[in-house]
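In what follows, a structure is listed as structure tokens, so that the remarks can point back to it.
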Amino acid sequence: MFSGKLHGIHAPHRKNTVDSVPARLPVPPVITVPMSMNIGAPGKPVVKPGDEVKVGQMIAEAGGFMSAPIYSGVSGKVKRLDEIVSANGRFDTVVVIETDGEQTVWEGIKPPVVTDKDSFVEAVRQCGCVGLGGAGFPTSVKLNVDPDRVHNIIINGAECEPYITSDTRTMIDSADDVIYGAQLLQKYYTADRIVIGIEDNKPQCVKIMEEAGKGVPGFEVASLPALYPQGGEKVLIYNTTGEVVPEGKLPIDVGAIVINCTTLAVIAKYIKTGMPLVEKVVTVDGSAIANPQNVIVPVGTPIQNVLDFVGLKCEPKKVLYGGPMMGTSVPSLENPIMKNTNAILAFDEKDAEDPVPSACIRCGRCVAHCPFNLMPAAIETAYTNNEPETLKALKVNLCMECGCCSFSCPARRPLVQINKLAKGMLNRYNAEQKAAAEKKAAKEKEKEAV
């Protein structure tokens with residue numbers, strides 16, 4: 001195993017729910033299932049108001065190649081198709097289902113027939129799986145590569161964000177599914193090795209996965225330093241193989257596939273049973289939560305139902321999808337649990353208070369802790385001065401928005417937020433430059449024709 005490591009931070013772990021065996025949430029009266037739960041095209045509803053649906057029944061087909069189908073996690077009746085404001089501020093179509101409490105399973109549930117790599121990728125697509133570590137990238141697209149290009153299959157069990165333990169519970173409670181998924185990948189891809197990367201603050205997971213993987217050729221467990229953002233895709237690749245994924249390139253360009261451990265377990269269960277992705281294990285924690293725990297939740301369950309189940313110590317001032325480092329603030333407690341929701345964190349007024357920034361003192365901590373050696377303070381200056389060419393030179397698009405810069409900044413400057421805005425500025429500039437070049441080329445072509 002490669003022994004190098006990239007920079008990062010020692011974020012407080014706060015894994016309060018590590019020993020919390022997931023409890024099943026009572027069936028909510030209504031679920032609201034978003035059509036946009038992945039990177040790429042949203043799903044296209046295939047149901048209409050008044051339709052009866054059952055657990056595992058498709059309610060939306062994939063909206064394109066970069067998409068994934070969506071299934072009902074409850075039985076009941078489609079109440080309406082509606083729109084909500086999602087956490088990214090955009091309007092999203094939702095299918096609202098009034099549940100009957102019966103949880104009747106759809107009659108068409110059956111294991112897929114998988115005989116080769118192509119049928120395996122199609123099964124992953126039909127499963128509705130996306131990156132369940134939070135990214136939401138359609139898994140079938142990630143796996144739709146030439147098997148001969150794959151030299152390293154890396155299972156992401158790092159779970160480096162504070163508070164979150166849903167992946168930890170997968171490795172503890174569903175180790176056999178993770179290993180079965182690993183064997184499927186071995187069968188259909190010509191990887192030299194398959195490694196699961198786990199931070200060394202999870203010794204129980206390391207031990208369980210080592211035991212479960214005994215006898216599986218080429219399988220190994222990499223116990224990695226508990227250094228955030230260990231679970232970042234490019235970080236994990238480097239820290240397990242020594243390979244650097246270049247700017248604008250994908251893991252497959254260095255012979256790697258990275259897949260989250262819970263994503264792999266869901267795929268394995270679908271291959272065994274035919275039940276697609278319809279529910280999630282979600283860590284519920286934070287200073288406003290009375291009883292932090294892991295909860296099994298149907299996709300589409302309103303956050304309010306989940307908070308009611310675990311109990312609140314006080315009215316939350318801020319609620320996040322995901323962890324405190326890369327999570328997204330939710331606009332309403334009526335917003336639903338999505339496919340890639342691995343945690344709901346609710347914070348009291350003190351913890352939710354935004355820090356007051358002061359002047360940058362050029363201490364360099366943001367540079368020292370950035371996994372990719374970027375210069376956030378210089379990026380902030382270039383963004384403020386509207387200098388997209390400088391942003392390009394500073395490689396702002398390499399930023400993974402992990403938040404190490406903001407966390408380590410003694411002046412409490414919103415550096416990661418500025419990085420995100422700066423990437424938008426550069427992308428708009430690049431689009432304008434491309435359009436101008438194409439217009440110029442078209443005019444020159446017209447002149448030549450004359």
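Numbering starts fresh at 1 for the residues of each chain in the structure tokens, the chains themselves are lettered A, B, ... in the order given, and ligands are numbered from 1 as they appear.
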Hey, which bits of range 161-239 of chain A sit within 10 Å of range 21-36 of chain A, and for each residue what's the closest pair of atoms and how far apart in Å (one decimal), counting only C-alpha atoms, rows by chain and increasing number, as JSON lines?
{"residue": "A:Ser166", "atom": "CA", "partner": "A:Pro22", "partner_atom": "CA", "distance": 8.5}
{"residue": "A:Arg169", "atom": "CA", "partner": "A:Val21", "partner_atom": "CA", "distance": 7.3}
{"residue": "A:Thr170", "atom": "CA", "partner": "A:Pro22", "partner_atom": "CA", "distance": 9.8}
{"residue": "A:Ile172", "atom": "CA", "partner": "A:Val21", "partner_atom": "CA", "distance": 9.4}
{"residue": "A:Asp173", "atom": "CA", "partner": "A:Val21", "partner_atom": "CA", "distance": 8.3}
Print the selection's residues with N, CA and C atoms to a file, as a short mmCIF file (atom, residue, chain, number, x, y, z; two decimals), in the first residue's frame.
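Written out: selection-v9.cif:
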data_model
loop_
_atom_site.label_atom_id
_atom_site.label_comp_id
_atom_site.auth_asym_id
_atom_site.auth_seq_id
_atom_site.Cartn_x
_atom_site.Cartn_y
_atom_site.Cartn_z
N SER A 166 -23.21 6.40 9.32
CA SER A 166 -24.06 5.49 8.53
C SER A 166 -23.21 4.50 7.72
N ARG A 169 -21.90 1.85 10.12
CA ARG A 169 -22.89 0.81 10.40
C ARG A 169 -23.01 -0.17 9.24
N THR A 170 -22.82 0.31 8.00
CA THR A 170 -22.82 -0.61 6.85
C THR A 170 -21.71 -1.64 7.01
N ILE A 172 -20.24 -2.58 9.71
CA ILE A 172 -20.47 -3.44 10.88
C ILE A 172 -21.63 -4.40 10.65
N ASP A 173 -22.73 -3.88 10.11
CA ASP A 173 -23.97 -4.66 10.01
C ASP A 173 -24.11 -5.41 8.68
#
### Task
Enumerate the residues of range 156-314 of chain A with a DSSP assignment of alpha helix (DSSP H), computed from the backbone, and present them as a ChimeraX atom specification.
/A:166-173,175-188,203-212,233-241,261-273,303-310
Quick one: contact table of range 317-356 of chain A to range 392-404 of chain A, 12 Å max, nearest atom pair and distance in Å to one decimal per residue, counting only C-alpha atoms, chain and number order, as JSON lines?
{"residue": "A:Gly323", "atom": "CA", "partner": "A:Cys402", "partner_atom": "CA", "distance": 10.7}
{"residue": "A:Pro324", "atom": "CA", "partner": "A:Gly403", "partner_atom": "CA", "distance": 9.3}
{"residue": "A:Met325", "atom": "CA", "partner": "A:Gly403", "partner_atom": "CA", "distance": 5.8}
{"residue": "A:Met326", "atom": "CA", "partner": "A:Cys402", "partner_atom": "CA", "distance": 5.9}
{"residue": "A:Gly327", "atom": "CA", "partner": "A:Cys402", "partner_atom": "CA", "distance": 9.7}
{"residue": "A:Thr328", "atom": "CA", "partner": "A:Glu401", "partner_atom": "CA", "distance": 11.8}
Where does range 135-188 of chain A meet range 208-225 of chain A within 8 Å, residue by residue, with the nearest atom pair and distance in Å to one decimal for each, counting only C-alpha atoms, listed by chain and rising number, as JSON lines?
{"residue": "A:Ala158", "atom": "CA", "partner": "A:Leu224", "partner_atom": "CA", "distance": 8.0}
{"residue": "A:Met171", "atom": "CA", "partner": "A:Met209", "partner_atom": "CA", "distance": 7.0}
{"residue": "A:Ile172", "atom": "CA", "partner": "A:Ile208", "partner_atom": "CA", "distance": 6.7}
{"residue": "A:Ala175", "atom": "CA", "partner": "A:Met209", "partner_atom": "CA", "distance": 6.4}
{"residue": "A:Asp176", "atom": "CA", "partner": "A:Ala212", "partner_atom": "CA", "distance": 6.5}
{"residue": "A:Ile179", "atom": "CA", "partner": "A:Gly213", "partner_atom": "CA", "distance": 6.3}
{"residue": "A:Gln183", "atom": "CA", "partner": "A:Val216", "partner_atom": "CA", "distance": 7.5}
Please save N, CA and C atoms of the selected residues as a PDB file, in the first residue's frame.
ATOM      1  N   ALA A 158     -13.966   5.466   4.427  1.00  0.00           N
ATOM      2  CA  ALA A 158     -13.272   6.435   5.275  1.00  0.00           C
ATOM      3  C   ALA A 158     -14.229   7.142   6.235  1.00  0.00           C
ATOM      4  N   MET A 171     -20.516  -1.164   7.363  1.00  0.00           N
ATOM      5  CA  MET A 171     -19.382  -2.086   7.495  1.00  0.00           C
ATOM      6  C   MET A 171     -19.558  -3.035   8.672  1.00  0.00           C
ATOM      7  N   ILE A 172     -20.239  -2.580   9.714  1.00  0.00           N
ATOM      8  CA  ILE A 172     -20.474  -3.438  10.884  1.00  0.00           C
ATOM      9  C   ILE A 172     -21.629  -4.404  10.645  1.00  0.00           C
ATOM     10  N   ALA A 175     -21.345  -6.320   6.426  1.00  0.00           N
ATOM     11  CA  ALA A 175     -20.010  -6.618   5.888  1.00  0.00           C
ATOM     12  C   ALA A 175     -20.066  -7.648   4.767  1.00  0.00           C
ATOM     13  N   ASP A 176     -20.936  -8.635   4.908  1.00  0.00           N
ATOM     14  CA  ASP A 176     -21.040  -9.684   3.879  1.00  0.00           C
ATOM     15  C   ASP A 176     -21.518  -9.102   2.552  1.00  0.00           C
ATOM     16  N   ILE A 179     -18.578  -7.317   0.923  1.00  0.00           N
ATOM     17  CA  ILE A 179     -17.649  -8.291   0.339  1.00  0.00           C
ATOM     18  C   ILE A 179     -18.238  -8.922  -0.917  1.00  0.00           C
ATOM     19  N   GLN A 183     -16.664  -8.876  -4.654  1.00  0.00           N
ATOM     20  CA  GLN A 183     -16.460 -10.054  -5.508  1.00  0.00           C
ATOM     21  C   GLN A 183     -17.102  -9.862  -6.883  1.00  0.00           C
TER      22      GLN A 183
END
### Message
Based on the backbone DSSP call, show me all residues of range 309-420 of chain A assigned strand (DSSP E), as a list in words.
### Response
Lys318, Val319, Leu320, Tyr321, Thr328, Ser329, Ala343, Ile344, Leu345, Ala346 and Phe347 of chain A
What does the file look like for those residues with N, CA and C atoms, as a PDB file, in the first residue's frame?
ATOM      1  N   LYS A 318     -30.232  25.650  12.755  1.00  0.00           N
ATOM      2  CA  LYS A 318     -29.760  25.261  11.421  1.00  0.00           C
ATOM      3  C   LYS A 318     -29.791  23.742  11.311  1.00  0.00           C
ATOM      4  N   VAL A 319     -30.268  23.250  10.164  1.00  0.00           N
ATOM      5  CA  VAL A 319     -30.315  21.817   9.897  1.00  0.00           C
ATOM      6  C   VAL A 319     -29.578  21.558   8.596  1.00  0.00           C
ATOM      7  N   LEU A 320     -28.740  20.531   8.604  1.00  0.00           N
ATOM      8  CA  LEU A 320     -27.916  20.218   7.434  1.00  0.00           C
ATOM      9  C   LEU A 320     -28.246  18.855   6.856  1.00  0.00           C
ATOM     10  N   TYR A 321     -28.193  18.765   5.515  1.00  0.00           N
ATOM     11  CA  TYR A 321     -28.010  17.481   4.841  1.00  0.00           C
ATOM     12  C   TYR A 321     -26.516  17.188   4.925  1.00  0.00           C
ATOM     13  N   THR A 328     -25.089  20.655   3.391  1.00  0.00           N
ATOM     14  CA  THR A 328     -25.885  21.741   2.817  1.00  0.00           C
ATOM     15  C   THR A 328     -27.041  22.076   3.749  1.00  0.00           C
ATOM     16  N   SER A 329     -27.218  23.353   4.012  1.00  0.00           N
ATOM     17  CA  SER A 329     -28.308  23.794   4.877  1.00  0.00           C
ATOM     18  C   SER A 329     -29.648  23.585   4.172  1.00  0.00           C
ATOM     19  N   ALA A 343     -26.792  11.823   6.432  1.00  0.00           N
ATOM     20  CA  ALA A 343     -26.954  12.360   7.776  1.00  0.00           C
ATOM     21  C   ALA A 343     -27.865  13.576   7.760  1.00  0.00           C
ATOM     22  N   ILE A 344     -28.537  13.786   8.869  1.00  0.00           N
ATOM     23  CA  ILE A 344     -29.261  15.028   9.162  1.00  0.00           C
ATOM     24  C   ILE A 344     -28.701  15.546  10.483  1.00  0.00           C
ATOM     25  N   LEU A 345     -28.114  16.717  10.445  1.00  0.00           N
ATOM     26  CA  LEU A 345     -27.553  17.325  11.640  1.00  0.00           C
ATOM     27  C   LEU A 345     -28.355  18.571  11.989  1.00  0.00           C
ATOM     28  N   ALA A 346     -28.765  18.677  13.240  1.00  0.00           N
ATOM     29  CA  ALA A 346     -29.554  19.819  13.698  1.00  0.00           C
ATOM     30  C   ALA A 346     -28.807  20.506  14.836  1.00  0.00           C
ATOM     31  N   PHE A 347     -28.580  21.812  14.690  1.00  0.00           N
ATOM     32  CA  PHE A 347     -27.759  22.546  15.657  1.00  0.00           C
ATOM     33  C   PHE A 347     -28.557  23.641  16.361  1.00  0.00           C
TER      34      PHE A 347
END
### Message
Residues near Gly157 in chain A, anyone? I mean within 10 Å using only C-alpha atoms, not counting same-chain ones fewer than 5 positions away, as a PyMOL selection string.
### Response
chain A and resi 133+167-168+170-171+195-199+202+205-206+221-223+230-231+236+259-262
Quick one: write out the picked residues with N, CA and C atoms as a PDB file, in the first residue's frame?
ATOM      1  N   GLY A 133     -22.257   8.197  -0.620  1.00  0.00           N
ATOM      2  CA  GLY A 133     -21.426   8.917   0.326  1.00  0.00           C
ATOM      3  C   GLY A 133     -21.770  10.390   0.368  1.00  0.00           C
ATOM      4  N   ASP A 167     -22.078   4.934   7.175  1.00  0.00           N
ATOM      5  CA  ASP A 167     -21.191   3.989   6.477  1.00  0.00           C
ATOM      6  C   ASP A 167     -20.546   3.024   7.465  1.00  0.00           C
ATOM      7  N   THR A 168     -20.222   3.534   8.652  1.00  0.00           N
ATOM      8  CA  THR A 168     -19.660   2.675   9.692  1.00  0.00           C
ATOM      9  C   THR A 168     -20.614   1.538  10.013  1.00  0.00           C
ATOM     10  N   THR A 170     -22.824   0.307   7.996  1.00  0.00           N
ATOM     11  CA  THR A 170     -22.824  -0.614   6.855  1.00  0.00           C
ATOM     12  C   THR A 170     -21.713  -1.641   7.011  1.00  0.00           C
ATOM     13  N   MET A 171     -20.516  -1.164   7.363  1.00  0.00           N
ATOM     14  CA  MET A 171     -19.382  -2.086   7.495  1.00  0.00           C
ATOM     15  C   MET A 171     -19.558  -3.035   8.672  1.00  0.00           C
ATOM     16  N   VAL A 195      -9.172  -2.666  -2.703  1.00  0.00           N
ATOM     17  CA  VAL A 195      -8.811  -2.227  -1.356  1.00  0.00           C
ATOM     18  C   VAL A 195      -9.929  -1.381  -0.766  1.00  0.00           C
ATOM     19  N   ILE A 196     -10.245  -1.608   0.496  1.00  0.00           N
ATOM     20  CA  ILE A 196     -11.200  -0.757   1.192  1.00  0.00           C
ATOM     21  C   ILE A 196     -10.412   0.141   2.139  1.00  0.00           C
ATOM     22  N   GLY A 197     -10.559   1.447   1.953  1.00  0.00           N
ATOM     23  CA  GLY A 197      -9.871   2.418   2.793  1.00  0.00           C
ATOM     24  C   GLY A 197     -10.744   2.828   3.962  1.00  0.00           C
ATOM     25  N   ILE A 198     -10.237   2.616   5.182  1.00  0.00           N
ATOM     26  CA  ILE A 198     -10.986   2.937   6.403  1.00  0.00           C
ATOM     27  C   ILE A 198     -10.083   3.753   7.321  1.00  0.00           C
ATOM     28  N   GLU A 199     -10.616   4.852   7.859  1.00  0.00           N
ATOM     29  CA  GLU A 199      -9.811   5.637   8.797  1.00  0.00           C
ATOM     30  C   GLU A 199      -9.523   4.825  10.064  1.00  0.00           C
ATOM     31  N   LYS A 202     -11.690   3.880  13.286  1.00  0.00           N
ATOM     32  CA  LYS A 202     -12.761   2.879  13.204  1.00  0.00           C
ATOM     33  C   LYS A 202     -12.156   1.475  13.273  1.00  0.00           C
ATOM     34  N   CYS A 205     -14.376  -1.516  12.423  1.00  0.00           N
ATOM     35  CA  CYS A 205     -14.642  -1.728  10.996  1.00  0.00           C
ATOM     36  C   CYS A 205     -13.452  -2.388  10.306  1.00  0.00           C
ATOM     37  N   VAL A 206     -12.250  -1.946  10.669  1.00  0.00           N
ATOM     38  CA  VAL A 206     -11.040  -2.540  10.096  1.00  0.00           C
ATOM     39  C   VAL A 206     -11.004  -4.041  10.393  1.00  0.00           C
ATOM     40  N   VAL A 221      -7.458  -4.472   3.261  1.00  0.00           N
ATOM     41  CA  VAL A 221      -7.984  -3.362   4.040  1.00  0.00           C
ATOM     42  C   VAL A 221      -6.848  -2.388   4.309  1.00  0.00           C
ATOM     43  N   ALA A 222      -7.052  -1.127   3.955  1.00  0.00           N
ATOM     44  CA  ALA A 222      -6.060  -0.091   4.220  1.00  0.00           C
ATOM     45  C   ALA A 222      -6.536   0.746   5.394  1.00  0.00           C
ATOM     46  N   SER A 223      -5.838   0.644   6.522  1.00  0.00           N
ATOM     47  CA  SER A 223      -6.149   1.464   7.695  1.00  0.00           C
ATOM     48  C   SER A 223      -5.414   2.791   7.517  1.00  0.00           C
ATOM     49  N   GLN A 230     -10.045  12.530   4.228  1.00  0.00           N
ATOM     50  CA  GLN A 230      -9.551  11.236   3.775  1.00  0.00           C
ATOM     51  C   GLN A 230     -10.486  10.569   2.770  1.00  0.00           C
ATOM     52  N   GLY A 231     -11.799  10.826   2.892  1.00  0.00           N
ATOM     53  CA  GLY A 231     -12.765  10.186   2.002  1.00  0.00           C
ATOM     54  C   GLY A 231     -12.948  10.872   0.664  1.00  0.00           C
ATOM     55  N   LEU A 236      -8.326   9.800  -1.552  1.00  0.00           N
ATOM     56  CA  LEU A 236      -8.307   8.367  -1.265  1.00  0.00           C
ATOM     57  C   LEU A 236      -7.486   7.607  -2.304  1.00  0.00           C
ATOM     58  N   ILE A 259     -15.686   3.500  -5.123  1.00  0.00           N
ATOM     59  CA  ILE A 259     -17.101   3.300  -4.850  1.00  0.00           C
ATOM     60  C   ILE A 259     -17.330   3.264  -3.348  1.00  0.00           C
ATOM     61  N   ASN A 260     -18.327   3.973  -2.894  1.00  0.00           N
ATOM     62  CA  ASN A 260     -18.665   4.043  -1.477  1.00  0.00           C
ATOM     63  C   ASN A 260     -19.113   2.674  -0.963  1.00  0.00           C
ATOM     64  N   CYS A 261     -18.775   2.346   0.287  1.00  0.00           N
ATOM     65  CA  CYS A 261     -19.086   1.018   0.824  1.00  0.00           C
ATOM     66  C   CYS A 261     -20.586   0.770   0.907  1.00  0.00           C
ATOM     67  N   THR A 262     -21.378   1.794   1.242  1.00  0.00           N
ATOM     68  CA  THR A 262     -22.832   1.613   1.322  1.00  0.00           C
ATOM     69  C   THR A 262     -23.418   1.455  -0.081  1.00  0.00           C
TER      70      THR A 262
END
### Long-range neighbours of Ile97 in chain A as a ChimeraX atom specification, 12 Å cut-off, only C-alpha atoms, 2 positions minimum in chain
/A:27-34,47-55,59,71-82,94-95,99-101,298-302
### Message
Which residues are close to Val258 in chain A, i.e. within 7 Å by only C-alpha atoms, leaving aside same-chain residues fewer than 3 positions away? Reply as a PyMOL selection string.
### Response
chain A and resi 153-156+233
For the selection you just gave me, I'd like the residues written to a file as a short mmCIF file (atom, residue, chain, number, x, y, z; two decimals), in the first residue's frame, keeping C-alpha atoms.
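File out_13.cif, as written:
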data_model
loop_
_atom_site.label_atom_id
_atom_site.label_comp_id
_atom_site.auth_asym_id
_atom_site.auth_seq_id
_atom_site.Cartn_x
_atom_site.Cartn_y
_atom_site.Cartn_z
CA ILE A 153 -10.87 -0.83 -7.21
CA ILE A 154 -11.07 1.33 -4.10
CA ILE A 155 -13.97 0.97 -1.68
CA ASN A 156 -14.52 4.15 0.31
CA GLU A 233 -12.11 10.61 -4.09
#
